[in-house]
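Note: the block below is work_15.cif and it holds mmCIF, C-alpha atoms.
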data_target
#
loop_
_atom_site.label_atom_id
_atom_site.label_comp_id
_atom_site.auth_asym_id
_atom_site.auth_seq_id
_atom_site.Cartn_x
_atom_site.Cartn_y
_atom_site.Cartn_z
CA MET A 18 0.00 0.00 0.00
CA ILE A 19 1.35 3.44 -0.93
CA LYS A 20 1.38 5.76 2.11
CA CYS A 21 3.20 8.70 0.58
CA VAL A 22 3.64 10.25 -2.87
CA ILE A 23 6.85 12.22 -3.35
CA TRP A 24 6.59 14.79 -6.15
CA ASP A 25 9.16 16.60 -8.22
CA LEU A 26 8.28 20.27 -8.81
CA ASP A 27 9.77 21.55 -12.11
CA ASN A 28 7.68 20.41 -15.07
CA THR A 29 5.82 18.01 -12.79
CA LEU A 30 3.66 19.64 -10.11
CA LEU A 31 4.52 23.01 -11.64
CA ASP A 32 3.96 23.80 -15.32
CA GLY A 33 7.47 25.10 -15.85
CA VAL A 34 10.84 25.58 -14.16
CA TYR A 35 10.73 27.56 -10.92
CA LEU A 36 14.13 29.22 -11.20
CA GLU A 37 13.64 30.12 -14.85
CA SER A 38 10.61 32.23 -14.10
CA PRO A 39 11.65 34.54 -11.23
CA GLY A 40 9.03 37.22 -11.86
CA GLU A 41 6.04 34.99 -12.02
CA PRO A 42 6.59 31.41 -10.81
CA PRO A 43 4.97 28.70 -12.94
CA ALA A 44 1.37 27.77 -12.18
CA PRO A 45 0.57 24.36 -10.72
CA ASN A 46 -0.33 21.64 -13.20
CA ALA A 47 -4.10 21.37 -13.01
CA GLU A 48 -4.41 17.63 -13.62
CA LEU A 49 -1.70 16.63 -11.13
CA THR A 50 -3.07 19.08 -8.56
CA ALA A 51 -6.43 17.32 -8.77
CA VAL A 52 -4.76 13.90 -8.37
CA LEU A 53 -2.74 15.17 -5.39
CA HIS A 54 -5.87 16.39 -3.60
CA GLU A 55 -7.72 13.18 -4.42
CA LEU A 56 -4.89 11.04 -2.97
CA ALA A 57 -4.53 13.29 0.10
CA GLY A 58 -8.27 12.77 0.71
CA ARG A 59 -7.60 9.04 0.88
CA GLY A 60 -5.12 9.62 3.70
CA ILE A 61 -2.02 9.29 1.50
CA LEU A 62 0.75 11.73 2.47
CA GLN A 63 2.11 14.18 -0.08
CA ALA A 64 5.76 15.25 -0.09
CA VAL A 65 8.16 17.14 -2.33
CA ALA A 66 11.69 16.32 -3.51
CA SER A 67 12.99 19.07 -5.73
CA ARG A 68 16.26 20.50 -6.95
CA ASN A 69 15.30 23.99 -5.97
CA PRO A 70 15.74 26.42 -3.09
CA PRO A 71 13.35 25.85 -0.14
CA GLU A 72 11.18 28.81 -1.17
CA ALA A 73 10.09 26.78 -4.23
CA CYS A 74 8.41 24.29 -1.87
CA ARG A 75 6.73 27.06 0.07
CA TYR A 76 5.49 28.57 -3.18
CA ALA A 77 4.17 25.18 -4.36
CA ALA A 78 2.40 24.60 -1.03
CA ARG A 79 0.64 27.96 -1.41
CA ALA A 80 -0.13 27.56 -5.10
CA LEU A 81 -1.53 24.04 -4.65
CA ASP A 82 -3.19 24.91 -1.35
CA HIS A 83 -1.69 21.84 0.30
CA ALA A 84 0.65 21.59 3.30
CA PHE A 85 3.22 18.94 2.40
CA ALA A 86 4.02 16.33 5.04
CA ALA A 87 7.72 16.58 4.19
CA ALA A 88 9.85 18.52 1.74
CA GLN A 89 13.42 18.02 0.58
CA CYS A 90 14.66 20.95 -1.46
CA GLY A 91 18.28 21.23 -2.45
CA TRP A 92 20.85 20.09 -4.94
CA GLY A 93 21.39 16.56 -3.66
CA ALA A 94 20.48 13.37 -5.48
CA LYS A 95 16.84 12.31 -5.54
CA PRO A 96 17.45 8.91 -3.88
CA ALA A 97 19.01 10.67 -0.86
CA ALA A 98 16.06 13.09 -0.72
CA ILE A 99 13.63 10.17 -0.80
CA THR A 100 15.51 8.31 1.95
CA ALA A 101 15.45 11.45 4.11
CA ILE A 102 11.68 11.71 3.63
CA THR A 103 10.96 8.02 4.37
CA THR A 104 13.12 8.23 7.52
CA GLU A 105 11.38 11.37 8.68
CA LEU A 106 7.92 9.90 8.11
CA GLY A 107 8.75 6.42 9.41
CA LEU A 108 7.95 4.71 6.10
CA THR A 109 9.63 1.96 4.12
CA GLU A 110 10.64 2.24 0.45
CA ASP A 111 7.79 0.07 -0.76
CA GLU A 112 5.29 2.47 0.81
CA VAL A 113 6.24 5.46 -1.34
CA ALA A 114 5.70 6.49 -4.94
CA PHE A 115 7.94 8.99 -6.71
CA VAL A 116 6.73 11.17 -9.59
CA ASP A 117 9.22 13.01 -11.81
CA ASP A 118 9.18 14.17 -15.43
CA ASP A 119 12.93 13.60 -15.87
CA PRO A 120 13.69 10.06 -17.11
CA LEU A 121 17.23 10.26 -15.71
CA GLU A 122 15.98 11.09 -12.22
CA ARG A 123 13.45 8.27 -12.46
CA ALA A 124 16.15 5.84 -13.56
CA GLU A 125 18.47 6.90 -10.73
CA VAL A 126 15.73 6.32 -8.14
CA SER A 127 14.70 2.97 -9.67
CA PHE A 128 18.32 1.84 -9.56
CA SER A 129 19.17 3.01 -6.01
CA LEU A 130 15.79 2.35 -4.39
CA PRO A 131 14.27 -0.58 -6.31
CA ASP A 132 11.26 -0.88 -4.00
CA VAL A 133 10.04 2.67 -4.65
CA LEU A 134 7.20 2.91 -7.18
CA VAL A 135 8.52 5.31 -9.85
CA LEU A 136 6.02 7.07 -12.10
CA ALA A 137 6.10 9.58 -14.94
CA PRO A 138 3.60 12.47 -14.57
CA GLY A 139 1.54 11.09 -17.46
CA ASP A 140 0.98 7.81 -15.62
CA VAL A 141 -0.18 9.23 -12.31
CA ARG A 142 -3.88 9.66 -13.02
CA GLN A 143 -4.21 6.04 -14.10
CA ALA A 144 -2.02 4.80 -11.22
CA ALA A 145 -4.24 6.58 -8.70
CA ALA A 146 -6.96 4.05 -9.57
CA TRP A 147 -4.74 1.08 -8.71
CA PRO A 148 -5.55 -0.83 -5.50
CA LEU A 149 -2.08 0.17 -4.26
CA PHE A 150 -3.40 3.73 -3.93
CA SER A 151 -6.76 2.77 -2.43
CA PRO A 152 -6.56 2.08 1.29
CA PRO A 153 -9.52 -0.12 2.26
CA VAL A 154 -10.46 2.02 5.26
CA VAL A 155 -10.06 5.77 5.43
CA THR A 156 -10.77 7.17 8.89
CA ALA A 157 -10.82 10.76 10.05
CA GLU A 158 -7.41 10.13 11.62
CA ALA A 159 -6.03 8.97 8.29
CA ARG A 160 -7.43 12.00 6.46
CA ARG A 161 -5.76 14.31 8.96
CA ARG A 162 -2.46 12.50 8.59
CA GLY A 163 -0.67 15.25 6.64
CA GLU A 164 -1.55 17.80 9.29
CA LEU A 165 -0.35 15.45 12.03
CA TYR A 166 3.01 15.04 10.34
CA LEU A 167 3.42 18.81 10.24
CA GLN A 168 2.82 18.91 13.99
CA ARG A 169 5.42 16.19 14.31
CA ARG A 170 7.96 18.28 12.45
CA ALA A 171 7.31 21.25 14.75
CA ARG A 172 7.70 18.94 17.75
CA GLN A 173 10.98 17.48 16.45
CA GLU A 174 12.42 20.91 15.79
CA GLU A 175 11.55 22.04 19.29
CA ALA A 176 12.84 18.80 20.84
CA GLN A 177 16.20 19.35 19.16
CA ALA A 178 16.41 22.87 20.52
CA PHE A 179 15.29 21.74 24.00
CA GLY A 180 18.21 21.05 26.32
CA GLY A 181 16.73 18.61 28.84
CA SER A 182 16.08 14.89 28.82
CA ARG A 183 13.38 13.19 26.78
CA ASP A 184 11.11 12.85 29.83
CA GLU A 185 11.54 16.54 30.59
CA PHE A 186 10.62 17.36 27.00
CA LEU A 187 7.51 15.14 27.16
CA LEU A 188 6.38 17.00 30.29
CA HIS A 189 7.28 20.37 28.78
CA SER A 190 5.18 19.47 25.69
CA ARG A 191 2.24 18.65 27.97
CA THR A 192 2.16 15.11 26.59
CA SER A 193 -1.00 13.30 27.59
CA VAL A 194 -1.55 9.58 27.11
CA THR A 195 -4.98 8.16 27.88
CA ILE A 196 -5.32 4.41 28.23
CA GLY A 197 -8.87 3.09 28.23
CA ALA A 198 -11.33 0.48 27.00
CA ALA A 199 -12.25 0.41 23.31
CA GLY A 200 -15.80 1.23 22.23
CA THR A 201 -17.73 0.52 19.04
CA GLY A 202 -16.70 3.93 17.68
CA ASP A 203 -13.07 2.77 17.69
CA LEU A 204 -13.52 -0.36 15.57
CA ALA A 205 -12.67 1.12 12.15
CA ARG A 206 -9.57 2.82 13.50
CA LEU A 207 -8.49 -0.38 15.32
CA HIS A 208 -8.71 -2.34 12.09
CA GLU A 209 -6.86 0.40 10.25
CA LEU A 210 -4.07 0.35 12.86
CA SER A 211 -3.75 -3.42 12.40
CA VAL A 212 -3.27 -2.87 8.66
CA ARG A 213 -1.03 0.20 8.75
CA THR A 214 1.29 -0.41 11.69
CA HIS A 215 4.48 -2.38 11.16
CA GLN A 216 7.23 -1.05 13.43
CA PHE A 217 5.13 -1.64 16.53
CA ASN A 218 3.00 -4.60 15.56
CA SER A 219 3.34 -7.91 17.35
CA THR A 220 1.49 -10.08 14.82
CA GLY A 221 2.21 -8.48 11.46
CA THR A 222 -1.24 -9.50 10.15
CA PRO A 223 -4.40 -7.41 9.72
CA PHE A 224 -7.10 -7.99 12.34
CA PRO A 225 -10.70 -7.63 11.10
CA GLU A 226 -13.13 -5.09 12.50
CA ALA A 227 -15.55 -7.91 13.37
CA GLY A 228 -12.77 -9.59 15.32
CA PHE A 229 -12.38 -6.53 17.53
CA ALA A 230 -16.17 -6.16 17.79
CA GLY A 231 -16.47 -9.74 19.01
CA LEU A 232 -13.95 -9.10 21.79
CA LEU A 233 -15.66 -5.98 23.20
CA ASP A 234 -18.23 -8.06 25.06
CA SER A 235 -15.93 -10.95 25.93
CA ALA A 236 -15.43 -11.41 29.68
CA ALA A 237 -12.06 -13.00 29.01
CA HIS A 238 -10.72 -10.14 26.88
CA ARG A 239 -10.03 -6.45 27.06
CA VAL A 240 -9.40 -4.28 24.03
CA VAL A 241 -7.25 -1.47 25.37
CA THR A 242 -6.87 1.80 23.43
CA VAL A 243 -4.20 4.46 23.71
CA ARG A 244 -4.85 8.09 22.83
CA LEU A 245 -2.10 10.67 22.56
CA SER A 246 -2.02 14.44 22.51
CA ASP A 247 0.32 17.28 23.41
CA ARG A 248 0.39 21.02 22.90
CA PHE A 249 1.50 20.53 19.28
CA GLY A 250 -1.67 18.63 18.43
CA ASP A 251 -4.03 15.77 19.08
CA ASP A 252 -2.97 12.48 17.49
CA GLY A 253 -6.12 10.65 18.52
CA LEU A 254 -6.14 6.87 18.79
CA VAL A 255 -2.52 5.84 18.16
CA GLY A 256 -2.32 2.36 19.61
CA ALA A 257 -4.12 -0.58 21.12
CA CYS A 258 -3.63 -4.03 22.50
CA ILE A 259 -5.75 -7.06 23.26
CA VAL A 260 -5.38 -8.56 26.72
CA ALA A 261 -6.68 -12.06 27.38
CA THR A 262 -7.22 -13.47 30.85
CA VAL A 263 -8.22 -16.99 31.76
CA PRO A 264 -9.97 -17.54 35.11
CA GLY A 265 -7.72 -19.51 37.43
CA GLU A 266 -4.63 -18.79 35.31
CA THR A 267 -1.98 -16.62 36.87
CA GLY A 268 -0.72 -15.12 33.64
CA TRP A 269 -2.04 -12.49 31.26
CA GLN A 270 -1.73 -12.93 27.50
CA VAL A 271 -1.32 -10.10 25.01
CA PRO A 272 -2.23 -11.63 21.63
CA LEU A 273 -1.99 -8.29 19.80
CA MET A 274 -0.03 -5.12 20.42
CA MET A 275 0.08 -2.30 17.87
CA MET A 276 1.11 1.34 17.85
CA SER A 277 1.29 3.97 15.13
CA CYS A 278 4.79 5.12 14.17
CA ARG A 279 3.43 8.61 14.81
CA ALA A 280 3.90 7.81 18.51
CA LEU A 281 7.51 6.75 17.93
CA GLY A 282 9.98 8.47 20.23
CA ARG A 283 7.27 9.84 22.53
CA GLY A 284 7.34 7.30 25.33
CA VAL A 285 3.92 5.86 24.48
CA ILE A 286 4.82 2.22 23.83
CA ASP A 287 6.89 2.16 27.05
CA ALA A 288 3.95 3.66 28.94
CA LEU A 289 1.53 1.05 27.55
CA LEU A 290 3.86 -1.86 28.43
CA THR A 291 4.33 -0.47 31.94
CA TRP A 292 0.55 -0.04 32.29
CA ILE A 293 -0.08 -3.66 31.22
CA CYS A 294 2.47 -5.00 33.70
CA ARG A 295 1.20 -2.89 36.59
CA THR A 296 -2.47 -3.66 35.88
CA ALA A 297 -1.75 -7.39 35.53
CA ARG A 298 0.21 -7.42 38.78
CA ALA A 299 -2.54 -5.54 40.60
CA ALA A 300 -5.00 -8.19 39.34
CA GLY A 301 -2.83 -10.92 40.84
CA ALA A 302 -1.11 -12.12 37.64
CA ALA A 303 2.36 -13.62 37.98
CA ARG A 304 3.45 -12.91 34.44
CA VAL A 305 2.51 -11.30 31.13
CA THR A 306 3.09 -13.26 27.91
CA LEU A 307 3.27 -11.47 24.57
CA PRO A 308 3.79 -13.51 21.40
CA CYS A 309 5.70 -11.44 18.84
CA VAL A 310 6.46 -12.31 15.24
CA ILE A 311 10.14 -11.85 14.43
CA ASN A 312 10.70 -9.68 11.37
CA PRO A 313 13.05 -6.86 10.39
CA ARG A 314 10.29 -4.27 10.51
CA ASN A 315 9.11 -4.61 14.11
CA VAL A 316 12.54 -4.26 15.73
CA PRO A 317 11.32 -1.07 17.52
CA LEU A 318 8.68 -3.15 19.31
CA ARG A 319 11.29 -5.73 20.37
CA ILE A 320 13.52 -2.97 21.71
CA ALA A 321 10.57 -1.66 23.74
CA LEU A 322 9.89 -5.19 25.05
CA THR A 323 13.53 -5.54 26.11
CA GLY A 324 13.38 -2.15 27.82
CA ALA A 325 10.23 -3.24 29.69
CA GLY A 326 11.91 -6.41 30.99
CA PHE A 327 10.31 -8.99 28.66
CA ARG A 328 12.47 -12.04 27.85
CA THR A 329 12.16 -14.96 25.48
CA THR A 330 13.74 -18.40 25.43
CA SER A 331 12.63 -18.89 21.81
CA GLN A 332 14.99 -19.43 18.91
CA ALA A 333 12.37 -18.30 16.38
CA GLY A 334 13.63 -17.25 12.97
CA THR A 335 12.27 -14.54 10.69
CA GLY A 336 8.52 -14.90 10.19
CA GLU A 337 8.16 -17.14 13.24
CA VAL A 338 6.60 -16.20 16.56
CA ALA A 339 8.62 -15.86 19.75
CA GLU A 340 6.85 -15.77 23.10
CA TYR A 341 8.09 -12.87 25.25
CA VAL A 342 7.42 -13.19 28.98
CA ARG A 343 7.55 -10.54 31.71
CA ASP A 344 8.02 -12.02 35.19
CA LEU A 345 6.00 -9.73 37.47
CA SER A 346 7.94 -10.73 40.58
CA GLN A 347 10.66 -8.44 39.19
CA PRO A 348 10.24 -4.70 39.85
CA VAL A 349 7.96 -2.81 37.44
CA ALA A 350 8.57 0.85 36.59
CA GLU A 351 6.22 3.59 37.81
CA LEU A 352 3.68 4.91 35.32
CA PRO A 353 4.75 8.38 34.09
CA SER A 354 2.70 11.26 35.51
CA TRP A 355 1.35 12.13 32.03
CA VAL A 356 -0.47 8.80 31.65
CA VAL A 357 -4.17 8.73 32.54
CA SER A 358 -5.95 5.42 32.78
CA MET B 16 40.14 -4.64 27.62
CA SER B 17 42.09 -4.71 24.35
CA ALA B 18 43.07 -1.58 22.47
CA ASP B 19 40.65 -2.61 19.71
CA GLN B 20 37.79 -2.86 22.15
CA ASP B 21 38.74 0.52 23.65
CA GLU B 22 38.53 2.04 20.21
CA LEU B 23 35.22 0.30 19.52
CA THR B 24 33.80 1.54 22.84
CA GLY B 25 34.83 5.09 21.92
CA GLU B 26 33.09 4.80 18.56
CA LEU B 27 29.92 3.49 20.20
CA ARG B 28 29.96 6.29 22.78
CA ARG B 29 30.16 8.90 20.03
CA LEU B 30 27.36 7.20 18.10
CA LEU B 31 25.16 7.05 21.22
CA ALA B 32 25.83 10.71 22.03
CA GLU B 33 24.77 11.58 18.48
CA LEU B 34 21.58 9.51 18.71
CA THR B 35 20.50 10.79 22.12
CA GLY B 36 21.72 14.34 21.61
CA HIS B 37 23.45 14.18 25.01
CA ARG B 38 27.10 14.09 26.01
CA LEU B 39 26.26 11.69 28.82
CA ALA B 40 27.07 8.66 26.65
CA LEU B 41 30.65 9.92 26.17
CA THR B 42 31.58 9.59 29.84
CA ALA B 43 28.96 7.36 31.51
CA PRO B 44 30.29 4.18 33.21
CA LEU B 45 30.39 1.10 30.99
CA ASP B 46 27.56 -0.58 32.89
CA THR B 47 25.13 2.32 32.33
CA ALA B 48 21.87 1.00 30.84
CA LEU B 49 21.18 2.07 27.26
CA LEU B 50 17.38 1.86 27.29
CA ARG B 51 14.94 3.90 29.36
CA ASP B 52 16.79 5.34 32.38
CA GLY B 53 20.53 5.50 31.92
CA ILE B 54 21.54 6.71 28.47
CA GLY B 55 17.89 7.26 27.64
CA LEU B 56 17.79 5.47 24.29
CA ASP B 57 14.20 4.82 23.19
CA SER B 58 12.92 2.35 20.62
CA LEU B 59 13.46 4.85 17.80
CA GLY B 60 17.04 5.59 18.86
CA GLY B 61 17.64 1.88 19.44
CA THR B 62 16.45 1.03 15.94
CA VAL B 63 18.71 3.63 14.36
CA LEU B 64 21.58 2.32 16.53
CA LEU B 65 21.05 -1.28 15.35
CA THR B 66 20.81 -0.15 11.70
CA GLU B 67 24.00 1.87 12.00
CA ILE B 68 25.82 -1.03 13.72
CA GLU B 69 24.80 -3.37 10.91
CA ARG B 70 26.04 -0.86 8.34
CA ARG B 71 29.35 -0.20 10.10
CA TYR B 72 30.26 -3.63 11.48
CA GLY B 73 28.13 -6.03 9.44
CA VAL B 74 26.50 -7.43 12.59
CA ASP B 75 22.70 -7.79 12.56
CA ILE B 76 22.06 -7.91 16.32
CA ALA B 77 18.25 -7.89 15.94
CA ALA B 78 18.36 -11.08 13.87
CA GLU B 79 20.95 -12.82 16.05
CA ASP B 80 19.63 -12.16 19.52
CA LEU B 81 15.88 -12.11 20.14
CA ASN B 82 16.42 -10.71 23.67
CA LEU B 83 18.72 -7.94 22.46
CA ASP B 84 20.96 -8.56 25.48
CA ALA B 85 23.69 -6.60 23.73
CA LEU B 86 21.62 -3.45 24.35
CA ALA B 87 21.87 -3.83 28.14
CA SER B 88 24.74 -1.34 28.50
CA ILE B 89 27.61 0.35 26.65
CA GLY B 90 29.91 -2.41 27.94
CA THR B 91 27.72 -5.33 26.82
CA LEU B 92 27.28 -3.77 23.38
CA ALA B 93 31.02 -3.25 22.90
CA ALA B 94 31.77 -6.77 24.17
CA TYR B 95 29.14 -8.29 21.88
CA LEU B 96 30.55 -6.53 18.82
CA ALA B 97 34.15 -7.32 19.76
CA ARG B 98 33.27 -11.00 20.11
CA ARG B 99 30.86 -11.24 17.22
CA GLY B 100 32.60 -8.86 14.87
CA GLU B 101 36.05 -10.45 15.03
CA PRO B 102 35.87 -12.62 11.92
CA ARG B 103 34.48 -9.70 9.95
CA SER B 104 36.25 -6.84 11.68
CA ARG B 105 38.40 -6.12 8.65
CA PRO B 106 36.60 -4.90 5.57
CA PRO B 107 36.72 -7.42 2.72
CA ALA B 108 39.57 -6.91 0.29
CA PRO B 109 38.37 -4.77 -2.59
CA ALA B 110 37.47 -6.74 -5.68
CA PRO B 111 39.96 -6.36 -8.52
CA ASP B 112 38.91 -3.50 -10.72
CA SER B 113 37.95 -5.08 -14.00
CA GLU B 114 37.96 -1.69 -15.69
CA GLY B 115 41.69 -1.43 -14.97
CA GLY B 116 41.30 2.09 -13.60
CA PRO B 117 44.05 4.02 -11.86
CA ALA B 118 45.49 2.30 -8.79
#
Kindly transcribe the structure held in the file into structure tokens.
Amino acid sequence: MIKCVIWDLDNTLLDGVYLESPGEPPAPNAELTAVLHELAGRGILQAVASRNPPEACRYAARALDHAFAAAQCGWGAKPAAITAITTELGLTEDEVAFVDDDPLERAEVSFSLPDVLVLAPGDVRQAAAWPLFSPPVVTAEARRRGELYLQRRARQEEAQAFGGSRDEFLLHSRTSVTIGAAGTGDLARLHELSVRTHQFNSTGTPFPEAGFAGLLDSAAHRVVTVRLSDRFGDDGLVGACIVATVPGETGWQVPLMMMSCRALGRGVIDALLTWICRTARAAGAARVTLPCVINPRNVPLRIALTGAGFRTTSQAGTGEVAEYVRDLSQPVAELPSWVVS
Amino acid sequence: MSADQDELTGELRRLLAELTGHRLALTAPLDTALLRDGIGLDSLGGTVLLTEIERRYGVDIAAEDLNLDALASIGTLAAYLARRGEPRSRPPAPAPDSEGGPA
């Protein structure tokens, strides 16, 4: 699924060359502008990679009336610009499409980043109809995604300028994490998270809306949601997990754990793991068991598990499931003051 | 500790200071924890660290060790790489240049 389209400006989004028309910059290309807005409406991020000064991006954003989620303007190679954008947005190469009128630029990107979908401007309208560009579920959160990434950029810039520790910055940003029970209004977003999350996803497989719905009334299960906001913006429902308890058993199971990469670096996954351990211990559980598929993409989740004291004796290989266990007789961290549950 | 491992530890300290944006990693005791309290590496920083280690030393810690024990502290990480990286610590000899370019 394509999560981000990265556009060239000169003779692509703009009908002309920015630097060759200093008096009156070139107008946006009408057809591509329409496609861009259509794709943004489906929750697909829009970004710019252009060999131009940064003001060209600002001009394009105004002229197209769209705030880009990321912009790389400069004289570097396009593959490096694309890598910078995917890193900033937490995406993988196969989740981005690149549109450029210059066949040489397209060839360079295809060669260096073979998983990126490379398109000529003339092919974009048709490509937009491909299933790759049609996410099955588009929630309000997904539609607001571009805006949320802009908030993220503002947050990152301020975090870099801030001198204190990460925890101090989270407090300073008035970070608020709310952990609670899922309701029927959350089902579409829960399914969407199961499809779209990779870096913090313990199963790596989509979980159907009906599956979540069926668990809401189950006495043996809890569907736990995590909402995140700070003074830069409200990210809404960013993560969830399923907790399963069996009467008479002294352990809790977590068959699914997932978190949006939007929450990456903001202490949220650590807070959720701490909350699970503390809640399980308070309920008399001796341990928490979390099966986690081993793949190169969910390494951030495994790092969080290690940090939270989970261990595995498994020798699982890639694509196999390892059972991570937290022994609750070992000390559990305090819940940060900015977590409400 | 060998001179090689000293050098490796220094490199890792500089990398950690870069990733966390704090000088703490340059001088903290070897047994300082990397994750959470301690150096303050989070899952994002940890992921970038593992990617950079794979690029620099050719060691894919995430694939080799499901518990990521190497990430316990600066010392365990340096020891893991020193032990694991030995056979591949020298870069492979460059392939002969078939174009016969300048030496």
Discussion item. Applying the PyMOL selection byres ((chain B) within 9 of (chain A)) to the file I just gave you, which residues come out? Please list them as a PyMOL selection string.
Written reply: chain B and resi 35-37+49-51+55+57-62+77-78+80-84+86-87
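Closest approach to Ile293 (chain A) among A:Gly139, A:Gly33, A:Gly253, A:Gly197: A:Gly197, based on all atoms listed in the file.
For the atom pair formed by CA of Ala199 (chain A) and CA of Leu62 (chain A), the distance is 27.0 Å, given to one decimal.
When the PyMOL selection byres ((chain A and resi 93) around 12) is evaluated on the file shown here, the picked residues come out as Ala66, Ser67, Arg68, Asn69, Pro70, Gln89, Cys90, Gly91, Trp92, Ala94, Lys95, Pro96, Ala97, Ala98, Ile99, Thr100, Ala101 and Glu122 of chain A.
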Could you write out that same residue set with C-alpha atoms as a compact mmCIF listing (two decimals), in the coordinates of the input?
# COMPACT_ATOMS: atom_id res chain seq x y z
CA ALA A 66 11.69 16.32 -3.51
CA SER A 67 12.99 19.07 -5.73
CA ARG A 68 16.26 20.50 -6.95
CA ASN A 69 15.30 23.99 -5.97
CA PRO A 70 15.74 26.42 -3.09
CA GLN A 89 13.42 18.02 0.58
CA CYS A 90 14.66 20.95 -1.46
CA GLY A 91 18.28 21.23 -2.45
CA TRP A 92 20.85 20.09 -4.94
CA ALA A 94 20.48 13.37 -5.48
CA LYS A 95 16.84 12.31 -5.54
CA PRO A 96 17.45 8.91 -3.88
CA ALA A 97 19.01 10.67 -0.86
CA ALA A 98 16.06 13.09 -0.72
CA ILE A 99 13.63 10.17 -0.80
CA THR A 100 15.51 8.31 1.95
CA ALA A 101 15.45 11.45 4.11
CA GLU A 122 15.98 11.09 -12.22
Practice prompt. Please indicate the distance in Å from CA of Val22 (chain A) to CA of Arg213 (chain A), rounded to one decimal place.
Written response: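 Separating CA of Val22 (chain A) from CA of Arg213 (chain A) is a distance of 16.1 Å.
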